[in-house]
file work26.txt (compact mmCIF, C-alpha atoms and all ligand atoms)
# COMPACT_ATOMS: atom_id res chain seq x y z
CA MET A 36 6.97 58.26 9.61
CA ALA A 37 9.84 57.71 12.02
CA ASN A 38 8.91 57.90 15.69
CA ASP A 39 11.34 57.59 18.58
CA GLY A 40 8.44 56.89 20.98
CA ALA A 41 8.01 53.39 19.58
CA ALA A 42 11.62 52.55 20.33
CA ALA A 43 11.25 54.00 23.84
CA SER A 44 8.31 51.80 24.91
CA VAL A 45 9.11 48.54 23.09
CA PRO A 46 12.45 46.66 23.36
CA THR A 47 13.36 46.90 19.68
CA ARG A 48 16.88 45.42 19.81
CA ARG A 49 15.60 41.86 19.38
CA LEU A 50 13.09 42.79 16.65
CA SER A 51 13.72 42.28 12.96
CA PRO A 52 14.43 45.41 10.83
CA GLY A 53 11.05 44.95 9.10
CA LEU A 54 9.22 44.92 12.42
CA GLN A 55 11.16 47.96 13.67
CA ARG A 56 10.19 49.85 10.49
CA VAL A 57 6.48 49.12 11.04
CA LEU A 58 6.64 50.12 14.71
CA ARG A 59 8.35 53.42 13.88
CA GLN A 60 5.26 54.35 11.86
CA LEU A 61 3.01 54.20 14.94
CA PRO A 62 2.43 57.53 16.75
CA MET A 63 3.99 57.97 20.19
CA GLY A 64 1.68 56.67 22.94
CA ALA A 65 -0.48 54.67 20.50
CA PRO A 66 -2.45 51.91 22.30
CA GLU A 67 -0.93 49.36 19.89
CA LEU A 68 2.50 50.07 21.44
CA TRP A 69 1.18 49.32 24.93
CA ALA A 70 -0.42 46.10 23.69
CA ILE A 71 2.86 45.08 22.04
CA GLU A 72 4.78 45.87 25.22
CA ALA A 73 2.32 43.75 27.24
CA GLY A 74 2.88 40.82 24.83
CA GLU A 75 -0.74 40.86 23.64
CA ILE A 76 0.05 41.11 19.92
CA ASP A 77 1.70 38.29 17.98
CA ALA A 78 2.10 39.94 14.58
CA VAL A 79 1.67 43.18 12.66
CA ILE A 80 0.77 43.82 9.03
CA ASP A 81 3.35 45.68 6.96
CA TYR A 82 1.09 47.34 4.40
CA GLY A 83 4.13 48.42 2.38
CA SER A 84 5.05 44.79 1.60
CA ALA A 85 1.59 43.25 2.32
CA ASN A 86 3.28 40.79 4.71
CA ALA A 87 2.43 39.75 8.24
CA ILE A 88 5.49 40.11 10.48
CA LEU A 89 5.61 37.88 13.57
CA PHE A 90 7.05 38.94 16.91
CA PRO A 91 9.93 36.75 18.14
CA ASP A 92 7.85 34.92 20.79
CA ALA A 93 5.13 34.06 18.25
CA ARG A 94 7.74 32.95 15.70
CA ARG A 95 9.39 30.73 18.31
CA ALA A 96 6.02 29.26 19.41
CA LEU A 97 5.12 28.44 15.80
CA ARG A 98 8.52 26.86 15.18
CA ASP A 99 8.22 24.73 18.34
CA ARG A 100 4.71 23.66 17.38
CA GLY A 101 5.96 22.68 13.91
CA LYS A 102 8.74 20.61 15.51
CA ARG A 103 6.24 18.87 17.82
CA THR A 104 3.93 18.09 14.88
CA ALA A 105 6.81 16.74 12.80
CA ALA A 106 7.98 14.61 15.75
CA ALA A 107 4.45 13.21 16.27
CA GLU A 108 4.15 12.40 12.55
CA HIS A 109 7.56 10.71 12.63
CA ARG A 110 6.55 8.60 15.66
CA ALA A 111 3.25 7.60 14.00
CA ARG A 112 5.08 6.68 10.77
CA CYS A 113 7.65 4.60 12.68
CA ALA A 114 4.83 2.77 14.51
CA LEU A 115 3.05 1.70 11.30
CA PRO A 116 5.26 -1.36 10.53
CA ARG A 117 4.53 -2.71 14.02
CA ARG A 118 0.84 -2.86 13.09
CA ASN A 119 1.48 -5.42 10.35
CA GLY A 120 1.99 -9.02 11.47
CA VAL A 121 4.80 -9.85 9.02
CA LEU A 122 6.81 -6.67 9.61
CA ALA A 123 6.24 -6.75 13.37
CA ALA A 124 8.05 -10.09 13.51
CA VAL A 125 11.19 -8.64 11.86
CA HIS A 126 13.77 -7.12 14.22
CA GLY A 127 17.21 -5.55 14.47
CA ALA A 128 19.28 -4.81 11.38
CA ALA A 129 16.73 -6.38 9.02
CA TYR A 130 14.01 -4.09 10.37
CA ARG A 131 16.26 -1.02 10.05
CA ARG A 132 17.03 -1.93 6.44
CA LEU A 133 13.32 -2.30 5.64
CA MET A 134 12.16 0.97 7.22
CA PRO A 135 13.43 3.45 4.57
CA ALA A 136 11.96 1.34 1.76
CA LEU A 137 8.44 1.25 3.24
CA GLU A 138 6.14 3.97 1.94
CA PRO A 139 2.78 4.59 3.68
CA VAL A 140 -0.02 4.77 1.09
CA LEU A 141 -3.76 5.30 1.43
CA LEU A 142 -5.62 2.70 -0.61
CA GLU A 143 -9.22 3.14 -1.73
CA ALA A 144 -11.78 0.34 -2.11
CA GLY A 145 -11.71 -0.82 -5.72
CA ASP A 146 -8.02 0.03 -6.31
CA VAL A 147 -6.35 -2.79 -8.27
CA LEU A 148 -2.83 -3.31 -6.88
CA HIS A 149 -1.84 -5.93 -9.42
CA GLU A 150 -3.78 -7.67 -12.15
CA ALA A 151 -3.76 -11.42 -12.87
CA GLY A 152 -0.97 -12.17 -15.35
CA ALA A 153 0.69 -8.76 -14.85
CA PRO A 154 4.09 -8.03 -13.26
CA ILE A 155 4.12 -7.26 -9.54
CA ARG A 156 5.82 -3.88 -9.16
CA HIS A 157 5.17 -3.40 -5.43
CA VAL A 158 4.29 -5.50 -2.43
CA TYR A 159 1.78 -4.18 0.14
CA PHE A 160 1.76 -4.72 3.90
CA PRO A 161 -1.75 -3.70 5.09
CA VAL A 162 -2.10 -1.72 8.29
CA ASP A 163 -5.88 -1.26 8.41
CA CYS A 164 -7.01 -1.85 4.82
CA VAL A 165 -8.21 -5.20 3.48
CA ILE A 166 -7.11 -6.58 0.12
CA CYS A 167 -9.05 -9.27 -1.74
CA LEU A 168 -7.29 -11.80 -3.98
CA LEU A 169 -9.62 -12.57 -6.87
CA THR A 170 -9.27 -15.48 -9.25
CA THR A 171 -10.77 -14.80 -12.67
CA ILE A 172 -13.07 -17.41 -14.19
CA ASP A 173 -14.73 -17.18 -17.59
CA GLY A 174 -13.78 -13.61 -18.48
CA PRO A 175 -15.24 -10.99 -16.16
CA GLN A 176 -16.40 -13.48 -13.50
CA THR A 177 -14.28 -13.57 -10.34
CA VAL A 178 -14.21 -15.34 -7.01
CA ALA A 179 -12.25 -14.49 -3.87
CA THR A 180 -9.53 -17.01 -3.09
CA GLY A 181 -7.73 -14.95 -0.46
CA LEU A 182 -8.14 -12.03 1.89
CA VAL A 183 -5.14 -10.04 3.12
CA GLY A 184 -5.26 -7.80 6.16
CA HIS A 185 -2.81 -6.62 8.82
CA GLU A 186 -1.61 -10.21 9.30
CA GLY A 187 -0.05 -10.52 5.85
CA MET A 188 1.22 -9.12 2.57
CA ALA A 189 -0.10 -8.77 -0.97
CA GLY A 190 2.41 -9.76 -3.66
CA ILE A 191 3.42 -13.17 -2.30
CA PRO A 192 4.65 -14.56 -5.68
CA LEU A 193 7.64 -12.18 -5.42
CA ALA A 194 8.65 -13.92 -2.19
CA LEU A 195 8.78 -17.14 -4.22
CA GLU A 196 10.87 -15.49 -6.97
CA VAL A 197 7.89 -15.25 -9.33
CA GLY A 198 7.41 -11.76 -10.72
CA VAL A 199 3.89 -12.20 -12.13
CA SER A 200 0.66 -12.40 -10.16
CA ALA A 201 -1.76 -15.30 -10.60
CA VAL A 202 -4.65 -13.30 -9.10
CA ARG A 203 -6.06 -9.79 -9.14
CA ALA A 204 -5.29 -8.00 -5.87
CA GLU A 205 -8.10 -5.51 -5.28
CA VAL A 206 -8.69 -3.34 -2.23
CA GLN A 207 -11.89 -4.45 -0.48
CA VAL A 208 -11.81 -2.00 2.47
CA SER A 209 -10.07 1.39 2.23
CA GLY A 210 -7.19 2.14 4.57
CA THR A 211 -3.43 2.43 4.98
CA ALA A 212 -0.77 0.01 3.77
CA LEU A 213 3.02 0.12 3.61
CA ARG A 214 4.20 -0.22 0.04
CA MET A 215 7.62 -1.50 -0.99
CA ALA A 216 9.04 -1.61 -4.51
CA ALA A 217 9.82 -5.04 -5.95
CA THR A 218 13.62 -4.59 -6.22
CA PRO A 219 14.43 -3.60 -2.60
CA PHE A 220 11.98 -6.27 -1.45
CA THR A 221 13.68 -9.10 -3.36
CA ASN A 222 17.11 -7.74 -2.37
CA GLU A 223 16.13 -7.93 1.31
CA LEU A 224 14.89 -11.51 0.88
CA LYS A 225 18.29 -12.49 -0.55
CA ARG A 226 20.19 -10.58 2.14
CA GLY A 227 18.60 -11.85 5.35
CA PRO A 228 16.51 -14.80 6.53
CA GLN A 229 14.13 -12.95 8.89
CA LEU A 230 11.68 -11.50 6.39
CA ARG A 231 11.96 -14.61 4.18
CA ARG A 232 11.08 -16.88 7.12
CA GLN A 233 8.05 -14.78 8.08
CA LEU A 234 6.82 -14.76 4.50
CA TYR A 235 7.22 -18.52 4.05
CA ARG A 236 4.98 -18.94 7.10
CA TYR A 237 2.51 -16.56 5.60
CA VAL A 238 2.58 -18.41 2.25
CA GLN A 239 1.49 -21.53 4.13
CA MET A 240 -1.35 -19.56 5.76
CA GLU A 241 -2.44 -18.12 2.44
CA LEU A 242 -2.48 -21.60 0.84
CA THR A 243 -4.58 -22.94 3.70
CA GLN A 244 -6.95 -20.01 3.38
CA ALA A 245 -7.36 -20.56 -0.39
CA ARG A 246 -8.14 -24.26 0.17
CA LEU A 247 -10.71 -23.43 2.84
CA MET A 248 -12.36 -20.84 0.63
CA ALA A 249 -12.65 -23.37 -2.21
CA ALA A 250 -14.17 -25.93 0.17
CA CYS A 251 -16.54 -23.28 1.58
CA ILE A 252 -17.84 -22.31 -1.87
CA ALA A 253 -18.48 -25.95 -2.72
CA SER A 254 -20.11 -26.93 0.56
CA HIS A 255 -21.94 -24.11 2.33
CA HIS A 256 -25.12 -22.10 1.91
CA PHE A 257 -24.59 -18.57 0.63
CA GLU A 258 -26.06 -16.79 3.67
CA GLN A 259 -23.63 -18.71 5.90
CA ARG A 260 -20.75 -17.83 3.56
CA LEU A 261 -21.72 -14.15 3.63
CA ALA A 262 -21.76 -14.17 7.45
CA SER A 263 -18.27 -15.75 7.43
CA TRP A 264 -17.08 -13.16 4.90
CA PHE A 265 -18.26 -10.28 7.11
CA LEU A 266 -16.44 -11.80 10.10
CA MET A 267 -13.23 -12.33 8.13
CA ILE A 268 -13.23 -8.75 6.88
CA ALA A 269 -14.13 -7.30 10.29
CA ASP A 270 -11.20 -9.15 11.89
CA ARG A 271 -8.80 -7.62 9.37
CA ALA A 272 -10.23 -4.12 8.94
CA SER A 273 -9.96 -3.08 12.63
CA VAL A 274 -12.83 -0.60 12.20
CA PRO A 275 -16.35 -0.76 13.70
CA GLU A 276 -17.98 -0.13 10.34
CA MET A 277 -17.01 -1.57 6.94
CA CYS A 278 -17.79 0.05 3.60
CA LEU A 279 -18.70 -2.77 1.20
CA THR A 280 -20.96 -2.34 -1.80
CA GLN A 281 -23.23 -5.12 -2.99
CA GLU A 282 -21.30 -5.16 -6.30
CA GLN A 283 -18.03 -5.77 -4.42
CA LEU A 284 -19.58 -8.58 -2.40
CA ALA A 285 -21.16 -10.19 -5.46
CA ALA A 286 -17.81 -10.09 -7.33
CA ALA A 287 -15.87 -11.50 -4.36
CA LEU A 288 -18.32 -14.30 -3.60
CA ASN A 289 -19.21 -15.09 -7.23
CA VAL A 290 -22.98 -14.63 -6.87
CA ARG A 291 -25.56 -12.32 -8.40
CA ARG A 292 -26.18 -9.00 -6.67
CA VAL A 293 -29.73 -10.04 -5.77
CA SER A 294 -28.33 -12.95 -3.74
CA VAL A 295 -26.29 -10.46 -1.69
CA THR A 296 -29.42 -8.30 -1.19
CA LEU A 297 -31.46 -11.25 0.07
CA ALA A 298 -28.79 -12.78 2.31
CA SER A 299 -27.69 -9.47 3.86
CA GLY A 300 -31.39 -8.57 4.37
CA SER A 301 -31.90 -11.81 6.24
CA LEU A 302 -28.86 -11.20 8.51
CA ARG A 303 -30.08 -7.65 9.11
CA SER A 304 -33.64 -8.74 9.98
CA CYS A 305 -32.16 -11.09 12.60
CA GLY A 306 -30.45 -8.08 14.20
CA LEU A 307 -26.95 -9.45 13.47
CA ILE A 308 -25.74 -6.62 11.23
CA SER A 309 -26.76 -3.16 10.13
CA TYR A 310 -26.38 -2.50 6.42
CA HIS A 311 -27.19 0.93 5.03
CA ARG A 312 -25.85 2.42 1.79
CA GLY A 313 -22.87 0.09 1.71
CA ARG A 314 -21.92 0.64 5.37
CA ILE A 315 -21.96 -2.56 7.38
CA ALA A 316 -21.61 -2.85 11.14
CA ILE A 317 -21.73 -6.07 13.14
CA LEU A 318 -24.35 -5.66 15.87
CA ASP A 319 -24.25 -9.15 17.36
CA ARG A 320 -20.87 -10.83 16.88
CA ALA A 321 -21.77 -14.08 18.67
CA GLY A 322 -25.03 -14.34 16.70
CA LEU A 323 -23.23 -13.73 13.40
CA GLU A 324 -20.71 -16.45 14.26
CA ARG A 325 -23.58 -18.88 14.90
CA ALA A 326 -25.22 -17.87 11.61
CA SER A 327 -21.97 -18.39 9.68
CA CYS A 328 -20.62 -21.67 8.30
CA GLY A 329 -17.61 -21.31 10.61
CA CYS A 330 -15.09 -21.05 7.78
CA TRP A 331 -13.90 -17.67 9.08
CA ARG A 332 -12.55 -19.42 12.23
CA PRO A 333 -9.91 -21.82 10.92
CA VAL A 334 -8.62 -19.18 8.52
CA GLU A 335 -8.22 -16.77 11.42
CA ALA A 336 -6.44 -19.42 13.51
CA THR A 337 -3.82 -19.95 10.81
CA THR A 338 -2.92 -16.27 10.60
CA ARG A 339 -1.38 -15.88 14.06
CA HIS A 340 2.32 -15.32 14.62
CA ASP A 341 3.04 -17.31 17.74
CA ASP A 342 6.79 -16.84 18.01
ZN ZN B 401 -17.96 -22.04 4.70

call {"tool": "encode", "arguments": {"input": "work26.txt", "output": "structure tokens", "more": "lines below"}}
Ligand SMILES: [Zn+2]
result
Amino acid sequence: MANDGAAASVPTRRLSPGLQRVLRQLPMGAPELWAIEAGEIDAVIDYGSANAILFPDARRALRDRGKRTAAAEHRARCALPRRNGVLAAVHGAAYRRLMPALEPVLLEAGDVLHEAGAPIRHVYFPVDCVICLLTTIDGPQTVATGLVGHEGMAGIPLALEVGVSAVRAEVQVSGTALRMAATPFTNELKRGPQLRRQLYRYVQMELTQARLMAACIASHHFEQRLASWFLMIADRASVPEMCLTQEQLAAALNVRRVSVTLASGSLRSCGLISYHRGRIAILDRAGLERASCGCWRPVEATTRHDD
């Protein structure tokens, strides 16, 4: 029902026709009109169309909030490449060319990014996830020969113009990575030297790491190796607690699950780690370093970008 009283108490000129129609249905002097005039109501329900109609101030506030959220998300997205050691060392035009091709992805533990002998379709720059490079031996048996965190990249053969992976790249700790398709990646390597130079350095680090891991398997007691493995993962995962199942650990370190149970139980009874339902936290870092074989240390030293 039309009502001139609504128009008299509320400045209707700046209101949408739909809002004016709803207000005209209110009786003159209704308390809702006073509340609207005092700016205490943000929206009304139009029962005719079953829609909520926002007042201009509320609409503007929502729009501004949306802009702020979008700006914050954009800033966070732009900051991600700086959290990866390889990408953080790329600057200027090369960095600007890379940015649009980098897609943030959430990787879950157990995800296989590329299989041994299969084509590499994407490379992955970890931000806070950890990727294990597994070499297959005798069918289903595997052993870790590399660990990639925020210092590196998974898919290194592509940087050497080889399109097929020699190892299985499997996510060990869930988290975010920046993914880039193979074609823009190889195009960028041909176009500019910056990314290529950083990756060649990283190839050298990865080779050193693989050699150390092989020497560690051959030379050190399993409990020491497990302590080193926890330290290596903790240094790459950037989280206080790591989710690692005993099956994952057994597959990575090429031992039976019972060996993981015994060795992790021993480290836990010494108060060095807590381990409950696959969640591991380091309680005594210095103690765990002493309990380890030390092979985590040289690997870590080779993964720094000093220039
Ligand atoms: Zn060792």

call {"tool": "atom_distance", "arguments": {"input": "work26.txt", "atom1": "atom CA of A:Val165", "atom2": "atom CA of A:Val206"}}
result
6.0 Å

call {"tool": "residues_near_ligand", "arguments": {"input": "work26.txt", "ligand": "ligand ZN 401 (chain B)", "cutoff": "10 Å", "atoms": "all atoms listed in the file", "output": "ChimeraX atom specification"}}
result
/A:247-264,327-332

call {"tool": "write_last_selection", "arguments": {"input": "work26.txt", "atoms": "C-alpha atoms", "output": "mmCIF file, in the frame of the given file"}}
result
data_model
loop_
_atom_site.group_PDB
_atom_site.id
_atom_site.type_symbol
_atom_site.label_atom_id
_atom_site.label_comp_id
_atom_site.auth_asym_id
_atom_site.auth_seq_id
_atom_site.Cartn_x
_atom_site.Cartn_y
_atom_site.Cartn_z
ATOM 1 C CA LEU A 247 -10.710 -23.430 2.840
ATOM 2 C CA MET A 248 -12.360 -20.840 0.630
ATOM 3 C CA ALA A 249 -12.650 -23.370 -2.210
ATOM 4 C CA ALA A 250 -14.170 -25.930 0.170
ATOM 5 C CA CYS A 251 -16.540 -23.280 1.580
ATOM 6 C CA ILE A 252 -17.840 -22.310 -1.870
ATOM 7 C CA ALA A 253 -18.480 -25.950 -2.720
ATOM 8 C CA SER A 254 -20.110 -26.930 0.560
ATOM 9 C CA HIS A 255 -21.940 -24.110 2.330
ATOM 10 C CA HIS A 256 -25.120 -22.100 1.910
ATOM 11 C CA PHE A 257 -24.590 -18.570 0.630
ATOM 12 C CA GLU A 258 -26.060 -16.790 3.670
ATOM 13 C CA GLN A 259 -23.630 -18.710 5.900
ATOM 14 C CA ARG A 260 -20.750 -17.830 3.560
ATOM 15 C CA LEU A 261 -21.720 -14.150 3.630
ATOM 16 C CA ALA A 262 -21.760 -14.170 7.450
ATOM 17 C CA SER A 263 -18.270 -15.750 7.430
ATOM 18 C CA TRP A 264 -17.080 -13.160 4.900
ATOM 19 C CA SER A 327 -21.970 -18.390 9.680
ATOM 20 C CA CYS A 328 -20.620 -21.670 8.300
ATOM 21 C CA GLY A 329 -17.610 -21.310 10.610
ATOM 22 C CA CYS A 330 -15.090 -21.050 7.780
ATOM 23 C CA TRP A 331 -13.900 -17.670 9.080
ATOM 24 C CA ARG A 332 -12.550 -19.420 12.230
#

call {"tool": "atom_distance", "arguments": {"input": "work26.txt", "atom1": "atom CA of A:Ala87", "atom2": "atom CA of A:Arg103"}}
result
23.3 Å

call {"tool": "residues_around", "arguments": {"input": "work26.txt", "residues": "A:Leu318", "least_positions_apart": "3", "cutoff": "10 Å", "atoms": "all atoms listed in the file", "output": "list in words"}}
result
Pro275, Arg303, Gly306, Leu307, Ile308, Ser309, Ile315, Ala321, Gly322 and Leu323 of chain A

call {"tool": "closest_residue", "arguments": {"input": "work26.txt", "among": "A:Thr211, A:Val290, A:Ala111, A:Arg118", "to": "A:Ala179", "atoms": "only C-alpha atoms"}}
result
A:Val290

call {"tool": "residues_around", "arguments": {"input": "work26.txt", "residues": "A:Tyr310", "least_positions_apart": "6", "cutoff": "10 Å", "atoms": "all atoms listed in the file", "output": "list of chain:residue names"}}
result
A:Glu276, A:Met277, A:Cys278, A:Leu279, A:Thr280, A:Ser299, A:Gly300, A:Leu302, A:Arg303, A:Ala316, A:Ile317

call {"tool": "build_atoms", "arguments": {"input": "work26.txt", "residues": "stretch 100-113 of chain A", "atoms": "N, CA and C atoms", "output": "compact mmCIF listing (two decimals), in the frame of the given file"}}
result
# COMPACT_ATOMS: atom_id res chain seq x y z
N ARG A 100 5.90 24.46 17.69
CA ARG A 100 4.71 23.66 17.38
C ARG A 100 4.96 22.81 16.12
N GLY A 101 5.62 23.42 15.14
CA GLY A 101 5.96 22.68 13.91
C GLY A 101 6.86 21.49 14.23
N LYS A 102 7.83 21.72 15.14
CA LYS A 102 8.74 20.61 15.51
C LYS A 102 7.97 19.49 16.19
N ARG A 103 7.02 19.90 17.11
CA ARG A 103 6.24 18.87 17.82
C ARG A 103 5.38 18.08 16.85
N THR A 104 4.76 18.77 15.87
CA THR A 104 3.93 18.09 14.88
C THR A 104 4.77 17.13 14.05
N ALA A 105 5.94 17.60 13.62
CA ALA A 105 6.81 16.74 12.80
C ALA A 105 7.25 15.52 13.60
N ALA A 106 7.54 15.73 14.92
CA ALA A 106 7.98 14.61 15.75
C ALA A 106 6.84 13.59 15.92
N ALA A 107 5.60 14.11 16.11
CA ALA A 107 4.45 13.21 16.27
C ALA A 107 4.21 12.42 14.98
N GLU A 108 4.33 13.10 13.83
CA GLU A 108 4.15 12.40 12.55
C GLU A 108 5.23 11.34 12.36
N HIS A 109 6.46 11.68 12.77
CA HIS A 109 7.56 10.71 12.63
C HIS A 109 7.30 9.48 13.51
N ARG A 110 6.83 9.73 14.77
CA ARG A 110 6.55 8.60 15.66
C ARG A 110 5.44 7.72 15.09
N ALA A 111 4.37 8.37 14.56
CA ALA A 111 3.25 7.60 14.00
C ALA A 111 3.71 6.79 12.80
N ARG A 112 4.58 7.38 11.96
CA ARG A 112 5.08 6.68 10.77
C ARG A 112 5.94 5.49 11.19
N CYS A 113 6.78 5.70 12.22
CA CYS A 113 7.65 4.60 12.68
C CYS A 113 6.84 3.47 13.30
